[in-house]
Amino acid sequence: MAERGLSIDHVTIWRWVQHYAPILNQRLRREVRHPNRSWRVDETYVRVAGKWAYLYRAVDSAGATIDFLLSPHRDLTAAKLFLRLVLSGTSIRPRVINVDGHPAYARAIAELKESGDLGRRCRCRPSPYLNNVIEQDHRFIKKRIAASLWFRSAEGALRTIDDYEAMHLIRKGQIRWLPKGDVVGQRRFIHNLLGIAA
């Protein structure tokens with residue numbers, strides 16, 4: 001904004017994020033490349049309204065973001081809800097889901113296989129070393145969250161993380177026809193998504 005000669009308060013930018021982040025993420029999902037069939041699932045801690053919450057995230061073996069969920073709990077119900085959300089967001093079914101040692105994932109995957117939401121041949125592979133891809137991917141999101149001095153409400157946290165994830169998706173080159181390093185193309189893409197004249 002300073003480059004364009006505009007002086008804008010940080011609260012105005014926060015309001016823009018709260019309003020436009022869900023719209024951006026919803027429109028963006030139509031343009032994203034499909035993930036591969038080897039998924040990494042993990043959760044990280046986020047401070048929301050003075051309490052710890054859990055940010056569940058899924059990426060494929062190449063590091064492409066699949067989806068995320070913010071939950072107040074880290075248990076079987078949250079793990080199953082997250083896996084259902086991820087499966088509903090993509091037509092690709094995983095052949096393997098790599099998880100850390102958290103036992104809720106194995107039980108959630110077994111229950112989803114029984115209900116038919118997940119293919120019978122899908123394997124749950126508890127391997128912390130194979131989850132290095134998602135651990136590294138957490139760093140970008142955690143860095144942004146720490147810079148924003150955490151969150152005061154769950155709704156504000158969800159919308160802000162929605163925006164962080166959307167922008168991270170674009171920067172990682174997950175848009176089907178947009179190369180990874182094309183900053184001008186990325187800006188044009190966001191303008192087109194939101195209907196902004198350049």
# chains A, B, ... in the order shown; residues from 1 in each chain; ligands from 1
$ residues_around --residues "stretch 46-57 of chain A" --least-positions-apart "2" --cutoff "10 Å" --atoms "only C-alpha atoms" --output "ChimeraX atom specification"
/A:40-44,59,65-74,78-79,82-83,86,134-135,137-138,141-142,145-146,149-158,161,165
$ write_last_selection --atoms "N, CA and C atoms" --output "short mmCIF file (atom, residue, chain, number, x, y, z; two decimals), in the first residue's frame"
data_model
loop_
_atom_site.label_atom_id
_atom_site.label_comp_id
_atom_site.auth_asym_id
_atom_site.auth_seq_id
_atom_site.Cartn_x
_atom_site.Cartn_y
_atom_site.Cartn_z
N ARG A 40 0.28 -36.90 3.78
CA ARG A 40 0.89 -36.71 5.10
C ARG A 40 -0.11 -35.91 5.93
N VAL A 41 -0.45 -36.41 7.10
CA VAL A 41 -1.43 -35.76 7.97
C VAL A 41 -0.78 -35.51 9.32
N ASP A 42 -0.97 -34.30 9.84
CA ASP A 42 -0.37 -33.94 11.13
C ASP A 42 -1.14 -32.75 11.71
N GLU A 43 -0.86 -32.46 12.96
CA GLU A 43 -1.48 -31.29 13.58
C GLU A 43 -0.40 -30.49 14.30
N THR A 44 -0.65 -29.21 14.47
CA THR A 44 0.25 -28.34 15.19
C THR A 44 -0.56 -27.47 16.14
N VAL A 59 -1.02 -32.63 3.58
CA VAL A 59 -0.32 -32.34 2.33
C VAL A 59 -0.02 -33.67 1.65
N THR A 65 -0.55 -28.65 -0.50
CA THR A 65 -1.56 -28.58 0.55
C THR A 65 -2.87 -29.17 0.06
N ILE A 66 -3.49 -30.02 0.89
CA ILE A 66 -4.78 -30.61 0.55
C ILE A 66 -5.89 -29.87 1.29
N ASP A 67 -5.78 -29.78 2.62
CA ASP A 67 -6.79 -29.05 3.40
C ASP A 67 -6.30 -28.86 4.83
N PHE A 68 -7.11 -28.14 5.62
CA PHE A 68 -6.78 -27.91 7.03
C PHE A 68 -8.06 -27.78 7.84
N LEU A 69 -7.92 -27.92 9.16
CA LEU A 69 -9.06 -27.79 10.08
C LEU A 69 -8.53 -27.28 11.40
N LEU A 70 -9.20 -26.30 11.98
CA LEU A 70 -8.86 -25.79 13.29
C LEU A 70 -9.83 -26.41 14.29
N SER A 71 -9.29 -27.08 15.31
CA SER A 71 -10.13 -27.79 16.28
C SER A 71 -9.68 -27.48 17.71
N PRO A 72 -10.63 -27.38 18.64
CA PRO A 72 -10.23 -27.16 20.04
C PRO A 72 -9.70 -28.44 20.70
N HIS A 73 -9.91 -29.59 20.06
CA HIS A 73 -9.51 -30.86 20.66
C HIS A 73 -8.58 -31.65 19.74
N ARG A 74 -7.79 -32.50 20.37
CA ARG A 74 -6.90 -33.42 19.64
C ARG A 74 -7.29 -34.83 20.07
N ALA A 78 -11.97 -35.41 16.40
CA ALA A 78 -11.35 -34.36 15.58
C ALA A 78 -10.60 -34.97 14.39
N ALA A 79 -9.87 -36.06 14.64
CA ALA A 79 -9.12 -36.71 13.56
C ALA A 79 -10.06 -37.24 12.48
N PHE A 82 -11.59 -34.34 10.54
CA PHE A 82 -10.62 -33.77 9.61
C PHE A 82 -10.44 -34.65 8.37
N LEU A 83 -10.31 -35.96 8.58
CA LEU A 83 -10.13 -36.86 7.44
C LEU A 83 -11.36 -36.85 6.53
N VAL A 86 -11.13 -33.67 4.45
CA VAL A 86 -10.12 -33.80 3.39
C VAL A 86 -10.66 -34.67 2.25
N ILE A 134 5.40 -32.42 5.89
CA ILE A 134 4.37 -31.58 6.51
C ILE A 134 4.93 -30.77 7.67
N GLU A 135 5.90 -31.32 8.38
CA GLU A 135 6.52 -30.57 9.47
C GLU A 135 7.19 -29.31 8.92
N ASP A 137 6.28 -27.82 6.17
CA ASP A 137 5.21 -26.97 5.66
C ASP A 137 4.52 -26.21 6.80
N HIS A 138 4.48 -26.81 7.99
CA HIS A 138 3.91 -26.12 9.16
C HIS A 138 4.65 -24.82 9.45
N ILE A 141 3.20 -21.52 8.01
CA ILE A 141 1.97 -21.10 8.67
C ILE A 141 2.26 -20.60 10.08
N LYS A 142 3.09 -21.33 10.82
CA LYS A 142 3.42 -20.95 12.19
C LYS A 142 4.14 -19.59 12.23
N ILE A 145 1.49 -16.94 11.78
CA ILE A 145 0.65 -16.85 12.97
C ILE A 145 1.39 -16.13 14.09
N ALA A 146 2.65 -16.47 14.30
CA ALA A 146 3.44 -15.81 15.35
C ALA A 146 3.60 -14.32 15.06
N LEU A 149 0.73 -12.22 16.17
CA LEU A 149 0.55 -12.22 17.63
C LEU A 149 -0.67 -13.03 18.06
N TRP A 150 -0.86 -14.19 17.43
CA TRP A 150 -1.90 -15.14 17.77
C TRP A 150 -3.29 -14.58 17.48
N PHE A 151 -4.33 -15.18 18.05
CA PHE A 151 -5.70 -14.81 17.70
C PHE A 151 -6.56 -14.58 18.93
N ARG A 152 -7.57 -13.74 18.78
CA ARG A 152 -8.47 -13.44 19.90
C ARG A 152 -9.75 -14.25 19.85
N SER A 153 -10.09 -14.79 18.68
CA SER A 153 -11.31 -15.59 18.56
C SER A 153 -11.09 -16.72 17.57
N ALA A 154 -11.89 -17.78 17.71
CA ALA A 154 -11.78 -18.93 16.81
C ALA A 154 -12.18 -18.55 15.40
N GLU A 155 -13.23 -17.73 15.26
CA GLU A 155 -13.70 -17.30 13.94
C GLU A 155 -12.62 -16.47 13.23
N GLY A 156 -12.02 -15.52 13.96
CA GLY A 156 -10.94 -14.71 13.38
C GLY A 156 -9.74 -15.56 13.01
N ALA A 157 -9.43 -16.55 13.86
CA ALA A 157 -8.30 -17.45 13.58
C ALA A 157 -8.56 -18.25 12.32
N LEU A 158 -9.77 -18.80 12.20
CA LEU A 158 -10.11 -19.62 11.05
C LEU A 158 -10.03 -18.83 9.75
N ILE A 161 -6.25 -17.92 9.02
CA ILE A 161 -5.50 -19.10 8.58
C ILE A 161 -5.97 -19.50 7.18
N GLU A 165 -3.30 -20.01 4.27
CA GLU A 165 -3.24 -21.26 3.50
C GLU A 165 -3.46 -20.99 2.00
#
$ residues_around --residues "A:Tyr20" --least-positions-apart "4" --cutoff "9 Å" --atoms "only C-alpha atoms" --output "PyMOL selection string"
chain A and resi 15-16+24-25+159+163+194
$ write_last_selection --atoms "C-alpha atoms" --output "short mmCIF file (atom, residue, chain, number, x, y, z; two decimals), in the first residue's frame"
data_model
loop_
_atom_site.label_atom_id
_atom_site.label_comp_id
_atom_site.auth_asym_id
_atom_site.auth_seq_id
_atom_site.Cartn_x
_atom_site.Cartn_y
_atom_site.Cartn_z
CA ARG A 15 -11.05 -6.51 8.17
CA TRP A 16 -10.23 -7.14 4.51
CA LEU A 24 -10.54 -16.29 -2.00
CA ASN A 25 -10.14 -19.82 -0.64
CA ARG A 159 -10.54 -16.80 8.52
CA ASP A 163 -5.99 -16.62 3.95
CA LEU A 194 -11.72 -11.30 -6.65
#
$ closest_residue --among "A:Leu169, A:Val184, A:Leu118, A:Ile8" --to "A:Pro35" --atoms "only C-alpha atoms"
A:Leu169
$ residues_around --residues "A:His34" --least-positions-apart "6" --cutoff "9 Å" --atoms "only C-alpha atoms" --output "PyMOL selection string"
chain A and resi 64+66+90-92+174+176
$ residues_around --residues "A:Pro179" --least-positions-apart "6" --cutoff "12 Å" --atoms "only C-alpha atoms" --output "PDB file with N, CA and C atoms, in the first residue's frame"
ATOM      1  N   ARG A  33      -4.394 -27.879  -8.536  1.00  0.00           N
ATOM      2  CA  ARG A  33      -4.026 -29.207  -9.048  1.00  0.00           C
ATOM      3  C   ARG A  33      -4.468 -30.274  -8.058  1.00  0.00           C
ATOM      4  N   LEU A 169      -0.722 -21.738  -0.845  1.00  0.00           N
ATOM      5  CA  LEU A 169      -1.063 -22.610  -1.979  1.00  0.00           C
ATOM      6  C   LEU A 169      -0.615 -21.988  -3.297  1.00  0.00           C
ATOM      7  N   ILE A 170      -0.897 -20.707  -3.455  1.00  0.00           N
ATOM      8  CA  ILE A 170      -0.532 -19.991  -4.684  1.00  0.00           C
ATOM      9  C   ILE A 170       0.985 -19.926  -4.820  1.00  0.00           C
ATOM     10  N   ARG A 171       1.670 -19.560  -3.733  1.00  0.00           N
ATOM     11  CA  ARG A 171       3.132 -19.435  -3.782  1.00  0.00           C
ATOM     12  C   ARG A 171       3.832 -20.759  -4.059  1.00  0.00           C
ATOM     13  N   LYS A 172       3.237 -21.858  -3.598  1.00  0.00           N
ATOM     14  CA  LYS A 172       3.847 -23.175  -3.821  1.00  0.00           C
ATOM     15  C   LYS A 172       3.639 -23.678  -5.236  1.00  0.00           C
ATOM     16  N   GLY A 173       2.869 -22.955  -6.042  1.00  0.00           N
ATOM     17  CA  GLY A 173       2.669 -23.349  -7.427  1.00  0.00           C
ATOM     18  C   GLY A 173       1.622 -24.432  -7.607  1.00  0.00           C
ATOM     19  N   GLY A 185       2.039 -13.068 -12.454  1.00  0.00           N
ATOM     20  CA  GLY A 185       0.914 -13.940 -12.770  1.00  0.00           C
ATOM     21  C   GLY A 185       0.072 -14.260 -11.541  1.00  0.00           C
ATOM     22  N   GLN A 186       0.739 -14.430 -10.396  1.00  0.00           N
ATOM     23  CA  GLN A 186       0.020 -14.702  -9.151  1.00  0.00           C
ATOM     24  C   GLN A 186      -0.854 -13.511  -8.756  1.00  0.00           C
ATOM     25  N   PHE A 189      -3.749 -13.384 -11.078  1.00  0.00           N
ATOM     26  CA  PHE A 189      -4.672 -14.456 -10.739  1.00  0.00           C
ATOM     27  C   PHE A 189      -5.579 -14.055  -9.563  1.00  0.00           C
TER      28      PHE A 189
END
$ select_by_dssp --residues "stretch 10-185 of chain A" --states "strand (DSSP E or B)" --output "NGL selection string"
:A and (32 or 38-48 or 51-60 or 65-71 or 96-99 or 123-126 or 151 or 175)
$ residues_around --residues "A:Gln26" --least-positions-apart "5" --cutoff "10 Å" --atoms "only C-alpha atoms" --output "PyMOL selection string"
chain A and resi 20-21+31+162+166+193
$ residues_around --residues "A:Leu87" --least-positions-apart "6" --cutoff "9 Å" --atoms "only C-alpha atoms" --output "short mmCIF file (atom, residue, chain, number, x, y, z; two decimals) with N, CA and C atoms, in the first residue's frame"
data_model
loop_
_atom_site.label_atom_id
_atom_site.label_comp_id
_atom_site.auth_asym_id
_atom_site.auth_seq_id
_atom_site.Cartn_x
_atom_site.Cartn_y
_atom_site.Cartn_z
N ARG A 93 -8.53 -40.40 -4.01
CA ARG A 93 -8.50 -41.19 -2.78
C ARG A 93 -7.06 -41.63 -2.52
N PRO A 94 -6.59 -41.52 -1.28
CA PRO A 94 -5.19 -41.87 -1.00
C PRO A 94 -4.95 -43.38 -1.00
N ASP A 117 -16.01 -44.67 3.56
CA ASP A 117 -15.53 -43.34 3.16
C ASP A 117 -14.12 -43.39 2.60
N LEU A 118 -13.38 -44.41 3.01
CA LEU A 118 -11.99 -44.56 2.60
C LEU A 118 -11.83 -45.96 2.01
#
$ closest_residue --among "A:Asp100, A:Ala2, A:His19, A:Ser115" --to "A:Thr160" --atoms "only C-alpha atoms"
A:His19
$ atom_distance --atom1 "atom CA of A:Arg139" --atom2 "atom CA of A:Trp14"
21.7 Å
$ select_by_dssp --residues "stretch 11-197 of chain A" --states "alpha helix (DSSP H)" --output "NGL selection string"
:A and (11-28 or 76-89 or 103-115 or 132-147 or 154-171 or 183-194)
$ atom_distance --atom1 "atom CA of A:Gly89" --atom2 "atom CA of A:Gly63"
16.9 Å
$ atom_distance --atom1 "atom CA of A:His10" --atom2 "atom CA of A:Ala147"
13.0 Å
$ closest_residue --among "A:Arg27, A:Arg144, A:Arg84, A:Arg95" --to "A:Cys122" --atoms "only C-alpha atoms"
A:Arg95
